[in-house]
Structures are given as C-alpha cells and as structure tokens.
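Student: Take this structure first; my questions come after.
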Amino acid sequence: MAAAPLIGVIGGGQLGRMLGWTGAPLGLRFRFLDPSPDAGAAAFGELVVGALDDKDALDALARDTDAVTYEWEGVRASSVEHLVANGHDVYPSTQALRASQDRLVEKQLFASLDIATALFAPAEERAALDAALRIVGCPAIIKTRRGGYDGKGQVRVDSPRELDAAWAALGGVPVLVEGVVDFDRELSVLACRGRDGTTVTWPLVHNEHRGGILRVSRAPVADVAPGVAEAASRLVTALLDETCYIGTVCVELFQVGNELLANEFAPRVHNSGHWTIEGAMVSQFEAHLRAGLGWPLGATDPRGWSAMVNCIGRLPDPAAISAIPGAHFHSYGKSARRGRKVGHITITAVDDDAREQTLARVLAATEDDG
Ligand code: AMP
C-alpha cells in the first residue's frame, strides 16, 4: 500500500492545527514548522522547531512531502521560493502570497481585475503624504503597506493636521492612504480553487469585529440582495484565476448598498471560515487539503445556519458550553493571553427561532474575554 500522503505546513498555530485535525480522518499525515516547541498543531503531526525562514528547517519540513502549504501570509516569499526551487510543491502560489503582503500591490491587483475598492493612494515618505491625502480626501485611514493585521498598523485621520502624528505612530514606513468606507456591513467570501482550475465558493459570511479582532461570523449572510452573492463569487474567481491559485482563500469585503468593495485577501484558510467545519458540506480546511492533493473539492453548501464566536484572551469552560444545544467548542491548545485568539465556538441551527438566543448564550459565556 502506498504511504499516506504527507502535508507540510509552514506555521503550527490554530490554522495548522485545524488542517491537521481535518486531515486525520482522510488518512493524511502532517508535519509542521513553527518556532515554538509548544505549537498547538503538534497534537496532529510531527513538529519541526525552527524559524519560518530558516532554510535548513524548511528543508526538514518539506522532505518527502506530497505538498507544502502555509497557515500565515507573513511567511517570507523567499522561503516559499526556496522550497519551490528545490522541487517542492508549495501552495497557494507565491504570486498570491506576495500580493497579499503589500497593501498597494494588493489594491492594484484588485483594480486590474475591475474589483472595486476604497479610494487609495500610496506614500513612500512623509513628504508624499499630503498629496496622497488630497487624492483620497478626509476622513482617511492610513495603513502600513506591510505587516498590519487585526486592525494594527493603521491610523484614522480626520484632518491634514493629524498627518505628522499619524506618520510617526506608524513608524515612518511606506503607507497606503485609503478613503474611509461608510459600509453597511463587513462580509467575507471564501473560495477554493483546485489544481484543474475548478473553483468552489461558500455562502457569504457576515463579520463583526471588536477592538479590531473578529468577534462573530454568521453564515449564510441574511438579507442579501439578488446578485450580491454572484458578484462576490465572480470577484473571488477572477482573483484566483489571475494568481494561478490553489487552495482556500478569503476576501474581506465592505458592503455598501448592493455594491461590494474588496478590502484585502488572505491566501490561506481564514477565521471567518471556521463555521464551515460544522456548517458546510465540506469545510474550508478539507477543501484546502483536497486542492493540494489534486482531489475533487466537493460541495460547499451550508447545512443550515451557523455562527462562529471567537474566544479572545481566555477560553470558557468547555463543560458549560456543552450545555448549550448546537454549540461546538474548539480549543487551540494555547495559553491564555490578553487579545489572543485561543479558541472558537460554532453554533449550528436549523430552527430560526432558537439561533439568536443560542448565539446570545455563547456571547455571554465568552463575554469576559480580553
Ligand atoms: P484591515 O486591517 O484592512 O483588515 O482593517 C481592519 C478593520 O478596519 C476592517 O475590518 C474595517 O472594520 C476597518 N477598515 C479598514 N479599512 C477601512 C476603510 N477603508 N474604510 C472603513 N473601515 C475600514
């Protein structure tokens, strides 16, 4: 019998852990690379402890793998290129990874595909910032081109007088100035593209943030006008085709009336897709693995209504959550720390009456979190 397929994952956090957990019943084996010997993904595979850009560690990760993927878009493109140059099959594409790492390149890619975004203008240095703000207008959000996440690396300005402080607060690095979008709500679209170019999408997700961190996702999104879901599918498919993408992607969107503006994309499985584990025929994690192995992707239809609540800072008592019908507990095997995502709870419901009450119970149970 042929050896079970071996997947290498750069990064051993919760996303790697959920890939491993999902792949176990498929008979897949996993190896993770992470700087921490306590990486949560180690519960589901072998762990190589090393820096994510250490070539020896990367070689040890990739040895004899059938495919290598990454769980973090901050991984250096040169690390991925090193593996590709040595004959390893790494997905998603470096092209997608590079674009997602630089907000200017990302926005230009969206624009080249006729995907609407907020108005934007780059500024390499302080002297260029005033002109960039004049293009975009006030109020604006100034974001570092690289390295921002969970609302970090960005400052809102309401007048040109605030530019000096904003520039200093962001560390004097190249930035992108964006117009503030007066959105109705934040959505995301998750999709997966297989090796044969087949693309599947999950139903649109409605996301609510707290303190810059995702708190609740609901799917499928309620009250969506005809054509909006199709527009989301079209834009994500165009992005995936353009970047020769393989695997799961998430595009974060602002909905304004019936228009969708793309904010950013993540070339990986995404927090706003965790509901698909219990809530869809095939989850974002399983589809990502199937795509890497060249398998059919399967059906992404929702099984009903789902909501996902992030546990931020600390985990509630799993026994207490188990008392809530339709609540599914996920621990990431991480120690408690303020502002850290340490787990999530998915609520599934077929009964319309019960679902918001169940969600309210889960929100209350996780309310004290950092
Ligand atoms: P980001 O780091 O780009 O994902 O931004 C984090 C959050 O800031 C988003 O989820 C939005 O709530 C908000 N935000 C980012 N960019 C804009 C914008 N151009 N207009 C309005 N809100 C924004």
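By order in the structure tokens, chains are A, B, ...; within a chain, residues start at 1; ligands start at 1, following the order shown.
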Which parts of segment 76-258 of chain A does DSSP call alpha helix (DSSP H) when run on the backbone here, written out as a PyMOL selection string?

Tutor: chain A and resi 77-85+94-101+103-112+129-136+163-169+228-242

Student: Which residues are close to Val224 of chain A, i.e. within 10 Å by only C-alpha atoms, leaving aside same-chain residues fewer than 4 positions away? Reply as a count of residues only.

Tutor: 7

Student: Just want the 10 Å neighbourhood of Gly212 of chain A, counted on only C-alpha atoms, with same-chain residues fewer than 5 positions away dropped. Output as a PyMOL selection string.

Tutor: chain A and resi 149-152+339

Student: Generate the output file for the selected residues, N, CA and C atoms, as a PDB file, in the first residue's frame.

Tutor:
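For reference, result_16.pdb as written:
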```pdb
ATOM      1  N   TYR A 149      -2.237  43.695  10.807  1.00  0.00           N
ATOM      2  CA  TYR A 149      -3.247  42.653  10.976  1.00  0.00           C
ATOM      3  C   TYR A 149      -4.124  43.000  12.170  1.00  0.00           C
ATOM      4  N   ASP A 150      -5.333  42.438  12.203  1.00  0.00           N
ATOM      5  CA  ASP A 150      -6.267  42.673  13.313  1.00  0.00           C
ATOM      6  C   ASP A 150      -6.341  44.158  13.694  1.00  0.00           C
ATOM      7  N   GLY A 151      -6.383  45.027  12.678  1.00  0.00           N
ATOM      8  CA  GLY A 151      -6.533  46.447  12.934  1.00  0.00           C
ATOM      9  C   GLY A 151      -5.251  47.146  13.376  1.00  0.00           C
ATOM     10  N   LYS A 152      -4.138  46.387  13.490  1.00  0.00           N
ATOM     11  CA  LYS A 152      -2.868  47.020  13.862  1.00  0.00           C
ATOM     12  C   LYS A 152      -2.223  47.593  12.603  1.00  0.00           C
ATOM     13  N   GLY A 339      -6.067  39.523  24.360  1.00  0.00           N
ATOM     14  CA  GLY A 339      -6.107  39.825  22.936  1.00  0.00           C
ATOM     15  C   GLY A 339      -5.758  38.655  22.030  1.00  0.00           C
TER      16      GLY A 339
END
```

Student: So which residues are near ligand 1, meaning at most 10 Å away with only C-alpha atoms and all ligand atoms counted, given back as JSON, numbers by chain?

Tutor: {"A": [103, 117, 118, 119, 120, 139, 140, 141, 142, 143, 144, 147, 148, 149, 150, 151, 152, 153, 154, 155, 156, 177, 178, 179, 180, 181, 182, 183, 185, 186, 187, 207, 208, 209, 210, 211, 212, 213, 214, 252, 253, 254, 261, 262, 263, 264, 265, 266]}

Student: Would you export the selected residues with N, CA and C atoms as a short mmCIF file (atom, residue, chain, number, x, y, z; two decimals), in the first residue's frame, please?

Tutor:
```
data_model
loop_
_atom_site.label_atom_id
_atom_site.label_comp_id
_atom_site.auth_asym_id
_atom_site.auth_seq_id
_atom_site.Cartn_x
_atom_site.Cartn_y
_atom_site.Cartn_z
N ARG A 103 -0.11 46.04 0.79
CA ARG A 103 -1.46 46.56 0.54
C ARG A 103 -1.57 47.32 -0.77
N THR A 117 -12.66 48.90 -4.86
CA THR A 117 -12.04 49.06 -3.54
C THR A 117 -12.33 50.48 -3.05
N ALA A 118 -11.91 50.78 -1.82
CA ALA A 118 -11.89 52.17 -1.36
C ALA A 118 -10.91 52.94 -2.25
N LEU A 119 -11.09 54.26 -2.30
CA LEU A 119 -10.09 55.09 -2.98
C LEU A 119 -8.76 54.88 -2.27
N PHE A 120 -7.65 54.84 -3.01
CA PHE A 120 -6.36 54.67 -2.32
C PHE A 120 -5.26 55.44 -3.04
N PRO A 139 -12.48 61.93 5.81
CA PRO A 139 -11.51 61.21 6.62
C PRO A 139 -10.84 60.10 5.81
N ALA A 140 -9.68 59.66 6.31
CA ALA A 140 -8.94 58.60 5.64
C ALA A 140 -8.35 57.65 6.68
N ILE A 141 -7.99 56.46 6.21
CA ILE A 141 -7.27 55.53 7.08
C ILE A 141 -5.90 55.33 6.45
N ILE A 142 -4.87 55.55 7.25
CA ILE A 142 -3.51 55.36 6.75
C ILE A 142 -3.02 54.02 7.28
N LYS A 143 -2.60 53.17 6.36
CA LYS A 143 -2.19 51.80 6.75
C LYS A 143 -0.76 51.56 6.30
N THR A 144 0.02 50.89 7.14
CA THR A 144 1.35 50.47 6.68
C THR A 144 1.14 49.50 5.52
N GLY A 147 2.65 44.21 6.93
CA GLY A 147 2.69 43.77 8.32
C GLY A 147 1.49 44.08 9.19
N GLY A 148 0.46 44.77 8.69
CA GLY A 148 -0.69 45.06 9.55
C GLY A 148 -1.61 43.85 9.66
N TYR A 149 -2.24 43.70 10.81
CA TYR A 149 -3.25 42.65 10.98
C TYR A 149 -4.12 43.00 12.17
N ASP A 150 -5.33 42.44 12.20
CA ASP A 150 -6.27 42.67 13.31
C ASP A 150 -6.34 44.16 13.69
N GLY A 151 -6.38 45.03 12.68
CA GLY A 151 -6.53 46.45 12.93
C GLY A 151 -5.25 47.15 13.38
N LYS A 152 -4.14 46.39 13.49
CA LYS A 152 -2.87 47.02 13.86
C LYS A 152 -2.22 47.59 12.60
N GLY A 153 -1.36 48.60 12.79
CA GLY A 153 -0.68 49.20 11.64
C GLY A 153 -1.58 50.11 10.83
N GLN A 154 -2.56 50.72 11.49
CA GLN A 154 -3.40 51.69 10.78
C GLN A 154 -3.90 52.78 11.72
N VAL A 155 -4.06 53.97 11.15
CA VAL A 155 -4.49 55.14 11.92
C VAL A 155 -5.50 55.90 11.08
N ARG A 156 -6.57 56.36 11.72
CA ARG A 156 -7.56 57.17 11.01
C ARG A 156 -7.18 58.65 11.16
N VAL A 177 -2.80 55.29 1.81
CA VAL A 177 -3.88 56.11 2.35
C VAL A 177 -5.17 55.64 1.69
N GLU A 178 -6.15 55.33 2.52
CA GLU A 178 -7.42 54.82 1.98
C GLU A 178 -8.57 55.70 2.42
N GLY A 179 -9.53 55.93 1.54
CA GLY A 179 -10.75 56.62 1.93
C GLY A 179 -11.52 55.76 2.92
N VAL A 180 -12.18 56.40 3.89
CA VAL A 180 -13.00 55.66 4.85
C VAL A 180 -14.30 55.26 4.13
N VAL A 181 -14.58 53.98 4.15
CA VAL A 181 -15.79 53.48 3.51
C VAL A 181 -16.91 53.47 4.55
N ASP A 182 -18.01 54.11 4.21
CA ASP A 182 -19.17 54.12 5.12
C ASP A 182 -20.01 52.88 4.81
N PHE A 183 -19.50 51.75 5.26
CA PHE A 183 -20.13 50.48 4.85
C PHE A 183 -21.36 50.15 5.68
N ARG A 185 -22.14 46.85 6.18
CA ARG A 185 -21.66 45.73 6.99
C ARG A 185 -20.42 45.15 6.32
N GLU A 186 -19.70 44.34 7.12
CA GLU A 186 -18.50 43.68 6.60
C GLU A 186 -18.83 42.23 6.31
N LEU A 187 -18.44 41.81 5.11
CA LEU A 187 -18.67 40.44 4.66
C LEU A 187 -17.33 39.81 4.29
N ASN A 207 -19.41 39.47 9.10
CA ASN A 207 -18.42 39.52 10.18
C ASN A 207 -18.58 40.78 11.03
N GLU A 208 -18.49 40.58 12.34
CA GLU A 208 -18.48 41.72 13.27
C GLU A 208 -17.19 41.69 14.06
N HIS A 209 -16.52 42.84 14.14
CA HIS A 209 -15.24 42.94 14.85
C HIS A 209 -15.42 43.67 16.17
N ARG A 210 -14.51 43.40 17.08
CA ARG A 210 -14.47 44.15 18.34
C ARG A 210 -13.01 44.44 18.64
N GLY A 211 -12.70 45.71 18.82
CA GLY A 211 -11.31 46.09 19.07
C GLY A 211 -10.39 45.63 17.95
N GLY A 212 -10.90 45.63 16.72
CA GLY A 212 -10.07 45.25 15.57
C GLY A 212 -9.96 43.75 15.35
N ILE A 213 -10.55 42.94 16.25
CA ILE A 213 -10.44 41.48 16.13
C ILE A 213 -11.81 40.90 15.82
N LEU A 214 -11.85 39.93 14.92
CA LEU A 214 -13.12 39.30 14.57
C LEU A 214 -13.76 38.70 15.82
N GLU A 252 -11.93 39.78 2.17
CA GLU A 252 -12.75 40.58 3.08
C GLU A 252 -13.35 41.74 2.30
N LEU A 253 -14.64 41.96 2.52
CA LEU A 253 -15.41 42.89 1.70
C LEU A 253 -16.16 43.89 2.57
N PHE A 254 -16.38 45.09 2.02
CA PHE A 254 -17.32 46.04 2.61
C PHE A 254 -18.55 46.04 1.72
N LEU A 261 -17.04 46.25 -2.00
CA LEU A 261 -15.69 46.77 -2.16
C LEU A 261 -14.74 45.79 -1.48
N ALA A 262 -13.67 45.41 -2.17
CA ALA A 262 -12.71 44.47 -1.57
C ALA A 262 -11.76 45.25 -0.67
N ASN A 263 -11.55 44.75 0.55
CA ASN A 263 -10.59 45.37 1.46
C ASN A 263 -9.24 44.68 1.35
N GLU A 264 -9.23 43.38 1.59
CA GLU A 264 -7.97 42.64 1.49
C GLU A 264 -8.27 41.16 1.33
N PHE A 265 -7.24 40.40 0.96
CA PHE A 265 -7.45 38.95 0.89
C PHE A 265 -6.36 38.23 1.68
N ALA A 266 -6.71 37.04 2.15
CA ALA A 266 -5.76 36.20 2.88
C ALA A 266 -5.57 34.92 2.06
#
```

Student: Tell me, in Å to one decimal, how far atom CA of Ala365 of chain A is from atom CA of His270 of chain A.

Tutor: 23.4 Å

Student: Which residues of segment 182-237 of chain A come within 8 Å of segment 304-315 of chain A, and what is each one's closest atom pair and distance in Å (one decimal), counting only C-alpha atoms, sorted by chain and residue number, as a tab-separated table?

Tutor:
```
residue	atom	partner	partner_atom	distance
A:Leu214	CA	A:Asn310	CA	7.0
A:Arg215	CA	A:Asn310	CA	5.2
A:Val216	CA	A:Val309	CA	4.6
A:Ser217	CA	A:Met308	CA	5.1
A:Arg218	CA	A:Ala307	CA	4.3
A:Ala219	CA	A:Ser306	CA	5.4
A:Pro220	CA	A:Trp305	CA	6.3
```

Student: Can you tell me, as a ChimeraX atom specification, what residues are no more than 9 Å from Val236 of chain A when counting only C-alpha atoms, ignoring any on the same chain fewer than 5 positions away?

Tutor: /A:189-191,201,231,241,249-251

Student: Please write the residues from the selection above to a file, keeping N, CA and C atoms, as an mmCIF file, in the first residue's frame.

Tutor:
```
data_model
loop_
_atom_site.group_PDB
_atom_site.id
_atom_site.type_symbol
_atom_site.label_atom_id
_atom_site.label_comp_id
_atom_site.auth_asym_id
_atom_site.auth_seq_id
_atom_site.Cartn_x
_atom_site.Cartn_y
_atom_site.Cartn_z
ATOM 1 N N VAL A 189 -15.896 36.522 1.577
ATOM 2 C CA VAL A 189 -16.203 35.411 0.678
ATOM 3 C C VAL A 189 -15.017 34.457 0.719
ATOM 4 N N LEU A 190 -15.333 33.191 0.963
ATOM 5 C CA LEU A 190 -14.309 32.143 0.972
ATOM 6 C C LEU A 190 -14.503 31.291 -0.264
ATOM 7 N N ALA A 191 -13.396 30.905 -0.853
ATOM 8 C CA ALA A 191 -13.454 30.077 -2.059
ATOM 9 C C ALA A 191 -12.252 29.157 -2.068
ATOM 10 N N THR A 201 -17.198 28.144 -4.068
ATOM 11 C CA THR A 201 -17.302 29.220 -3.074
ATOM 12 C C THR A 201 -18.309 28.814 -2.004
ATOM 13 N N ALA A 231 -21.885 38.410 -7.414
ATOM 14 C CA ALA A 231 -20.781 39.366 -7.615
ATOM 15 C C ALA A 231 -19.564 38.942 -6.784
ATOM 16 N N ASP A 241 -8.092 32.944 -10.466
ATOM 17 C CA ASP A 241 -7.598 32.615 -11.813
ATOM 18 C C ASP A 241 -6.348 33.433 -12.126
ATOM 19 N N VAL A 249 -9.025 30.533 -0.107
ATOM 20 C CA VAL A 249 -8.712 31.952 0.023
ATOM 21 C C VAL A 249 -9.872 32.638 0.728
ATOM 22 N N CYS A 250 -9.614 33.791 1.318
ATOM 23 C CA CYS A 250 -10.693 34.617 1.862
ATOM 24 C C CYS A 250 -10.502 36.047 1.380
ATOM 25 N N VAL A 251 -11.565 36.634 0.851
ATOM 26 C CA VAL A 251 -11.530 38.059 0.508
ATOM 27 C C VAL A 251 -12.469 38.782 1.465
#
```

Student: Taking a cut-off of 9 Å and counting only C-alpha atoms, can you build a table that, for each residue of segment 223-294 of chain A near segment 95-100 of chain A, reports the nearest atom pair and how far apart they are in Å (one decimal), sorted by chain then residue number, as JSON lines?

Tutor:
```
{"residue": "A:Leu239", "atom": "CA", "partner": "A:Ala96", "partner_atom": "CA", "distance": 8.8}
{"residue": "A:Leu240", "atom": "CA", "partner": "A:Ala96", "partner_atom": "CA", "distance": 8.3}
{"residue": "A:Glu242", "atom": "CA", "partner": "A:Ala96", "partner_atom": "CA", "distance": 8.9}
{"residue": "A:Thr243", "atom": "CA", "partner": "A:Ala96", "partner_atom": "CA", "distance": 5.5}
{"residue": "A:Cys244", "atom": "CA", "partner": "A:Gln95", "partner_atom": "CA", "distance": 8.0}
{"residue": "A:Tyr245", "atom": "CA", "partner": "A:Ala96", "partner_atom": "CA", "distance": 7.0}
{"residue": "A:Glu264", "atom": "CA", "partner": "A:Ser100", "partner_atom": "CA", "distance": 7.4}
{"residue": "A:Phe265", "atom": "CA", "partner": "A:Ser100", "partner_atom": "CA", "distance": 6.2}
{"residue": "A:Ala266", "atom": "CA", "partner": "A:Ser100", "partner_atom": "CA", "distance": 6.4}
{"residue": "A:Pro267", "atom": "CA", "partner": "A:Leu97", "partner_atom": "CA", "distance": 6.1}
```

Student: Lys55 of chain A: which residues within 8 Å, counting only C-alpha atoms, same-chain residues fewer than 4 positions away excluded, as an NGL selection string?

Tutor: :A and (59 or 79 or 82)

Student: Using the selection just defined, write its residues with C-alpha atoms as a PDB file, in the first residue's frame.

Tutor:
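Below you can see part17.pdb, which holds the result:
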```pdb
ATOM      1  CA  ASP A  59      14.156  21.607   4.068  1.00  0.00           C
ATOM      2  CA  SER A  79      11.074  30.881   1.976  1.00  0.00           C
ATOM      3  CA  HIS A  82      13.457  28.289  -1.726  1.00  0.00           C
TER       4      HIS A  82
END
```

Student: Fewer than 5 positions away in the same chain doesn't count, so skip those; otherwise give me all residues within 9 Å of segment 345-347 of chain A, counting only C-alpha atoms, as a ChimeraX atom specification.

Tutor: /A:274-275,277-279,305-311,321,325-331,355,358-359,362

Student: What's the 9 Å shell around segment 2-8 of chain A, counting only C-alpha atoms, without same-chain residues fewer than 4 positions away, as a PyMOL selection string?

Tutor: chain A and resi 20+27-33+61-70+90+289+292-293

Student: Provide the atom CA of Glu124 of chain A to atom CA of Ala169 of chain A distance in Å, to one decimal place.

Tutor: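 About the pair atom CA of Glu124 of chain A and atom CA of Ala169 of chain A: they are 15.2 Å apart.
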
Student: Quick one: of A:Ala320, A:Leu83, A:Leu26, A:Val173, who's nearest to Arg145 of chain A, counting only C-alpha atoms?

Tutor: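 Among the listed residues, the smallest separation from Arg145 of chain A belongs to A:Val173.
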
Student: As a PyMOL selection string, list the residues of segment 72-208 of chain A assigned to strand (DSSP E or B) by DSSP on the backbone atoms of this structure.

Tutor: chain A and resi 90+120-123+140-144+154-157+175-179+185-193+199-201+205-208

Student: Store the residues of this selection in a file with N, CA and C atoms, as a short mmCIF file (atom, residue, chain, number, x, y, z; two decimals), in the first residue's frame.

Tutor:
```cif
data_model
loop_
_atom_site.label_atom_id
_atom_site.label_comp_id
_atom_site.auth_asym_id
_atom_site.auth_seq_id
_atom_site.Cartn_x
_atom_site.Cartn_y
_atom_site.Cartn_z
N VAL A 90 4.52 23.81 -3.44
CA VAL A 90 4.02 24.70 -2.38
C VAL A 90 2.78 25.43 -2.89
N PHE A 120 -7.65 54.84 -3.01
CA PHE A 120 -6.36 54.67 -2.32
C PHE A 120 -5.26 55.44 -3.04
N ALA A 121 -4.23 55.79 -2.26
CA ALA A 121 -3.05 56.44 -2.82
C ALA A 121 -1.87 56.11 -1.92
N PRO A 122 -0.73 55.73 -2.50
CA PRO A 122 0.43 55.37 -1.68
C PRO A 122 1.27 56.58 -1.30
N ALA A 123 2.02 56.46 -0.21
CA ALA A 123 3.02 57.47 0.16
C ALA A 123 4.25 56.73 0.68
N ALA A 140 -9.68 59.66 6.31
CA ALA A 140 -8.94 58.60 5.64
C ALA A 140 -8.35 57.65 6.68
N ILE A 141 -7.99 56.46 6.21
CA ILE A 141 -7.27 55.53 7.08
C ILE A 141 -5.90 55.33 6.45
N ILE A 142 -4.87 55.55 7.25
CA ILE A 142 -3.51 55.36 6.75
C ILE A 142 -3.02 54.02 7.28
N LYS A 143 -2.60 53.17 6.36
CA LYS A 143 -2.19 51.80 6.75
C LYS A 143 -0.76 51.56 6.30
N THR A 144 0.02 50.89 7.14
CA THR A 144 1.35 50.47 6.68
C THR A 144 1.14 49.50 5.52
N GLN A 154 -2.56 50.72 11.49
CA GLN A 154 -3.40 51.69 10.78
C GLN A 154 -3.90 52.78 11.72
N VAL A 155 -4.06 53.97 11.15
CA VAL A 155 -4.49 55.14 11.92
C VAL A 155 -5.50 55.90 11.08
N ARG A 156 -6.57 56.36 11.72
CA ARG A 156 -7.56 57.17 11.01
C ARG A 156 -7.18 58.65 11.16
N VAL A 157 -7.30 59.40 10.10
CA VAL A 157 -7.07 60.86 10.20
C VAL A 157 -8.29 61.61 9.69
N VAL A 175 3.34 53.77 3.30
CA VAL A 175 1.95 53.55 3.70
C VAL A 175 1.01 53.63 2.50
N LEU A 176 -0.21 53.22 2.75
CA LEU A 176 -1.29 53.39 1.79
C LEU A 176 -2.36 54.23 2.49
N VAL A 177 -2.80 55.29 1.81
CA VAL A 177 -3.88 56.11 2.35
C VAL A 177 -5.17 55.64 1.69
N GLU A 178 -6.15 55.33 2.52
CA GLU A 178 -7.42 54.82 1.98
C GLU A 178 -8.57 55.70 2.42
N GLY A 179 -9.53 55.93 1.54
CA GLY A 179 -10.75 56.62 1.93
C GLY A 179 -11.52 55.76 2.92
N ARG A 185 -22.14 46.85 6.18
CA ARG A 185 -21.66 45.73 6.99
C ARG A 185 -20.42 45.15 6.32
N GLU A 186 -19.70 44.34 7.12
CA GLU A 186 -18.50 43.68 6.60
C GLU A 186 -18.83 42.23 6.31
N LEU A 187 -18.44 41.81 5.11
CA LEU A 187 -18.67 40.44 4.66
C LEU A 187 -17.33 39.81 4.29
N SER A 188 -17.35 38.49 4.14
CA SER A 188 -16.19 37.86 3.50
C SER A 188 -16.69 36.76 2.59
N VAL A 189 -15.90 36.52 1.58
CA VAL A 189 -16.20 35.41 0.68
C VAL A 189 -15.02 34.46 0.72
N LEU A 190 -15.33 33.19 0.96
CA LEU A 190 -14.31 32.14 0.97
C LEU A 190 -14.50 31.29 -0.26
N ALA A 191 -13.40 30.90 -0.85
CA ALA A 191 -13.45 30.08 -2.06
C ALA A 191 -12.25 29.16 -2.07
N CYS A 192 -12.34 28.12 -2.88
CA CYS A 192 -11.21 27.20 -3.02
C CYS A 192 -11.06 26.84 -4.48
N ARG A 193 -9.82 26.86 -4.96
CA ARG A 193 -9.56 26.52 -6.36
C ARG A 193 -8.69 25.27 -6.40
N THR A 199 -13.31 26.07 -9.30
CA THR A 199 -13.41 26.92 -8.11
C THR A 199 -14.77 26.74 -7.44
N VAL A 200 -14.75 26.56 -6.14
CA VAL A 200 -15.99 26.48 -5.37
C VAL A 200 -16.00 27.65 -4.38
N THR A 201 -17.20 28.14 -4.07
CA THR A 201 -17.30 29.22 -3.07
C THR A 201 -18.31 28.81 -2.00
N VAL A 205 -20.32 35.41 4.20
CA VAL A 205 -20.26 35.46 5.66
C VAL A 205 -20.37 36.92 6.12
N HIS A 206 -21.11 37.14 7.20
CA HIS A 206 -21.23 38.47 7.81
C HIS A 206 -20.32 38.50 9.04
N ASN A 207 -19.41 39.47 9.10
CA ASN A 207 -18.42 39.52 10.18
C ASN A 207 -18.58 40.78 11.03
N GLU A 208 -18.49 40.58 12.34
CA GLU A 208 -18.48 41.72 13.27
C GLU A 208 -17.19 41.69 14.06
#
```

Student: Go ahead and compute the interatomic distance for atom CA of Glu73 of chain A and atom CA of Glu106 of chain A, in Å to one decimal.

Tutor: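 These two atoms are separated by 12.7 Å.
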
Student: Identify which of the residues A:Tyr332, A:Gln101, A:Leu133, A:Asp89 lies closest to Ala77 of chain A, counting only C-alpha atoms when measuring atom-to-atom distances.

Tutor: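 Going through A:Tyr332, A:Gln101, A:Leu133, A:Asp89 one by one, the smallest distance to Ala77 of chain A is for A:Gln101.
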